[in-house]
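Below is one structure; the comments refer to it alone.
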Amino acid sequence: MLKLKVEELVEINDFYNSASKVTITYVTGDTVLLELYEDVVTEEFILSKRDLIMVLRNFYVEDICDIVQSGVYGQIEVKIEKSIEHYPVQISVEDGYKYYCNLEELNYIKRIIDHQKGMDK
């Protein structure tokens with residue numbers, strides 16, 4: 001199975017948000033072909049169903065920005081439940097909203113928060 005980096009999924013989510021047409025084809029039990037159309041350009045991506053769900057929820061663009069903003073200018077609370085396969089991390093922000101992600105996504109978020117905090121000094 002193709003494993004995409006969080007950075008790649010952020011780009012795909014951004015492409016998804018600007019697409020004029022979207023086609024989703026279920027290839028196998030856990031593999032999806034996502035075709036994004038913008039004007040005359042077509043971009044194709046092979047994703048896991050979980051990654052597709054996160055893109056459709058706008059996690060990689062909108063939710064990560066919300067979490068990072070809370071982490072830089074406020075506080076976030078992180079709980080990890082390793083027995084949960086796809087979404088073992090729960091991130092709570094100051095307004096009480098909870099986000100769910102995996103460890104790779106959590107590490108990506110932490111890197112961005114640390115980078116942003118370093119820039120504010």
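To be explicit about the labels: the chains of the structure tokens are called A, B, and onward in the order shown, and within each one the residues are counted from 1, while ligands get numbers from 1 in the order they are shown.
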
Inset, instruction - Apply DSSP to the backbone of this structure and, from chain A, keep only the residues in helix (DSSP H, G or I); write these as number ranges by chain. - result: A: 6-18, 49-56, 59-73, 103-120

Legend entry - 10 Å contact set for stretch 64-80 of chain A, only C-alpha atoms, chain neighbours under 2 positions out, as a ChimeraX atom specification: /A:10,58-62,82-84,87-103,105-106,108-118,120

Atoms kept (N, CA, C and O atoms) for selection, written as a compact mmCIF listing (two decimals), in the first residue's frame:
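What landed in part.txt:
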```
# COMPACT_ATOMS: atom_id res chain seq x y z
N VAL A 10 -1.34 17.24 2.67
CA VAL A 10 -1.69 18.66 2.76
C VAL A 10 -1.86 19.22 1.35
O VAL A 10 -2.84 19.92 1.05
N ASN A 58 -11.41 17.91 5.27
CA ASN A 58 -10.56 19.10 5.22
C ASN A 58 -9.60 19.15 6.41
O ASN A 58 -9.21 20.23 6.87
N PHE A 59 -9.21 17.99 6.91
CA PHE A 59 -8.33 17.92 8.07
C PHE A 59 -6.97 18.55 7.78
O PHE A 59 -6.46 19.32 8.58
N TYR A 60 -6.38 18.21 6.64
CA TYR A 60 -5.00 18.60 6.37
C TYR A 60 -4.82 20.09 6.13
O TYR A 60 -3.73 20.62 6.31
N VAL A 61 -5.86 20.78 5.74
CA VAL A 61 -5.74 22.21 5.51
C VAL A 61 -6.37 22.99 6.67
O VAL A 61 -5.70 23.73 7.37
N GLU A 62 -7.64 22.80 6.89
CA GLU A 62 -8.36 23.62 7.86
C GLU A 62 -8.11 23.18 9.31
O GLU A 62 -7.76 24.00 10.16
N LYS A 82 -3.15 3.99 22.16
CA LYS A 82 -2.46 3.16 21.16
C LYS A 82 -3.29 1.98 20.67
O LYS A 82 -2.99 1.41 19.64
N SER A 83 -4.34 1.62 21.38
CA SER A 83 -5.16 0.48 20.96
C SER A 83 -6.10 0.84 19.80
O SER A 83 -6.68 -0.04 19.18
N ILE A 84 -6.23 2.12 19.49
CA ILE A 84 -7.08 2.56 18.39
C ILE A 84 -6.22 2.66 17.13
O ILE A 84 -5.24 3.41 17.10
N TYR A 87 -7.06 6.29 14.36
CA TYR A 87 -7.12 7.62 14.96
C TYR A 87 -6.74 7.55 16.44
O TYR A 87 -7.55 7.87 17.32
N PRO A 88 -5.50 7.15 16.76
CA PRO A 88 -5.13 6.94 18.17
C PRO A 88 -4.90 8.23 18.95
O PRO A 88 -4.81 8.21 20.17
N VAL A 89 -4.82 9.37 18.28
CA VAL A 89 -4.50 10.63 18.94
C VAL A 89 -5.74 11.51 19.01
O VAL A 89 -6.43 11.71 18.01
N GLN A 90 -6.00 12.01 20.21
CA GLN A 90 -7.07 12.99 20.40
C GLN A 90 -6.42 14.30 20.81
O GLN A 90 -5.67 14.35 21.78
N ILE A 91 -6.69 15.36 20.06
CA ILE A 91 -6.17 16.68 20.36
C ILE A 91 -7.34 17.57 20.73
O ILE A 91 -8.26 17.76 19.93
N SER A 92 -7.30 18.11 21.94
CA SER A 92 -8.34 19.03 22.40
C SER A 92 -7.77 20.44 22.41
O SER A 92 -6.68 20.66 22.91
N VAL A 93 -8.52 21.37 21.85
CA VAL A 93 -8.11 22.77 21.84
C VAL A 93 -8.89 23.52 22.92
O VAL A 93 -9.79 22.97 23.55
N GLU A 94 -8.52 24.78 23.14
CA GLU A 94 -9.07 25.54 24.27
C GLU A 94 -10.59 25.67 24.26
O GLU A 94 -11.20 25.73 25.32
N ASP A 95 -11.20 25.72 23.09
CA ASP A 95 -12.66 25.87 23.05
C ASP A 95 -13.38 24.55 23.28
O ASP A 95 -14.60 24.47 23.21
N GLY A 96 -12.61 23.48 23.55
CA GLY A 96 -13.20 22.18 23.85
C GLY A 96 -13.36 21.27 22.65
O GLY A 96 -13.70 20.09 22.79
N TYR A 97 -13.11 21.79 21.45
CA TYR A 97 -13.25 20.96 20.25
C TYR A 97 -12.15 19.91 20.22
O TYR A 97 -11.02 20.17 20.60
N LYS A 98 -12.50 18.72 19.77
CA LYS A 98 -11.56 17.61 19.71
C LYS A 98 -11.31 17.20 18.26
O LYS A 98 -12.24 17.13 17.46
N TYR A 99 -10.04 16.96 17.96
CA TYR A 99 -9.63 16.48 16.65
C TYR A 99 -8.99 15.11 16.85
O TYR A 99 -8.36 14.86 17.87
N TYR A 100 -9.12 14.25 15.85
CA TYR A 100 -8.55 12.91 15.93
C TYR A 100 -7.62 12.69 14.73
O TYR A 100 -7.97 13.06 13.61
N CYS A 101 -6.45 12.11 15.01
CA CYS A 101 -5.48 11.88 13.95
C CYS A 101 -4.57 10.72 14.34
O CYS A 101 -4.79 10.07 15.35
N ASN A 102 -3.54 10.49 13.52
CA ASN A 102 -2.57 9.43 13.85
C ASN A 102 -1.27 10.06 14.35
O ASN A 102 -1.13 11.29 14.40
N LEU A 103 -0.32 9.25 14.72
CA LEU A 103 0.93 9.74 15.31
C LEU A 103 1.77 10.54 14.32
O LEU A 103 2.40 11.54 14.68
N GLU A 105 0.65 12.39 11.88
CA GLU A 105 0.01 13.70 11.77
C GLU A 105 0.28 14.54 13.01
O GLU A 105 0.54 15.74 12.92
N LEU A 106 0.26 13.91 14.19
CA LEU A 106 0.58 14.62 15.43
C LEU A 106 2.01 15.18 15.38
O LEU A 106 2.23 16.35 15.73
N TYR A 108 3.76 15.95 12.77
CA TYR A 108 3.76 17.05 11.80
C TYR A 108 3.23 18.32 12.45
O TYR A 108 3.82 19.41 12.32
N ILE A 109 2.13 18.20 13.18
CA ILE A 109 1.52 19.34 13.86
C ILE A 109 2.48 19.92 14.90
O ILE A 109 2.66 21.14 14.98
N LYS A 110 3.12 19.06 15.67
CA LYS A 110 4.07 19.53 16.69
C LYS A 110 5.23 20.29 16.05
O LYS A 110 5.67 21.30 16.58
N ARG A 111 5.73 19.80 14.91
CA ARG A 111 6.83 20.48 14.22
C ARG A 111 6.42 21.89 13.77
O ARG A 111 7.18 22.85 13.92
N ILE A 112 5.20 22.01 13.26
CA ILE A 112 4.73 23.32 12.81
C ILE A 112 4.56 24.25 14.01
O ILE A 112 4.95 25.42 13.95
N ILE A 113 3.99 23.75 15.10
CA ILE A 113 3.81 24.58 16.30
C ILE A 113 5.17 25.05 16.81
O ILE A 113 5.35 26.24 17.11
N ASP A 114 6.11 24.13 16.93
CA ASP A 114 7.46 24.50 17.41
C ASP A 114 8.10 25.54 16.49
O ASP A 114 8.73 26.50 16.95
N HIS A 115 7.95 25.36 15.19
CA HIS A 115 8.51 26.30 14.22
C HIS A 115 7.86 27.69 14.38
O HIS A 115 8.55 28.72 14.40
N GLN A 116 6.54 27.72 14.49
CA GLN A 116 5.83 28.99 14.64
C GLN A 116 6.19 29.69 15.93
O GLN A 116 6.38 30.90 15.97
N LYS A 117 6.30 28.93 17.01
CA LYS A 117 6.68 29.52 18.30
C LYS A 117 8.09 30.08 18.22
O LYS A 117 8.38 31.12 18.79
N GLY A 118 8.98 29.40 17.51
CA GLY A 118 10.34 29.87 17.33
C GLY A 118 10.41 31.17 16.55
O GLY A 118 11.27 32.02 16.77
N ASP A 120 8.09 33.49 16.59
CA ASP A 120 7.48 34.56 17.39
C ASP A 120 8.45 35.14 18.41
O ASP A 120 8.17 36.17 19.00
```

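Between atom CA of A:Met54 and atom CA of A:Asp30 there is a distance of 13.9 Å.
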
Legend entry - Nearest to A:Ile46, chosen from A:Asp63, A:Ala19, A:Thr28, A:Met119, with only C-alpha atoms counted in the distances: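 That would be A:Thr28, the residue with the smallest distance to A:Ile46.
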
Inset, instruction - Give me the residues within 12 Å of A:Phe45 as a ChimeraX atom specification, counting only C-alpha atoms and dropping any in the same chain fewer than 5 places off. - result: /A:2-4,8-9,11-13,15-16,22-27,31-37,51-52,55
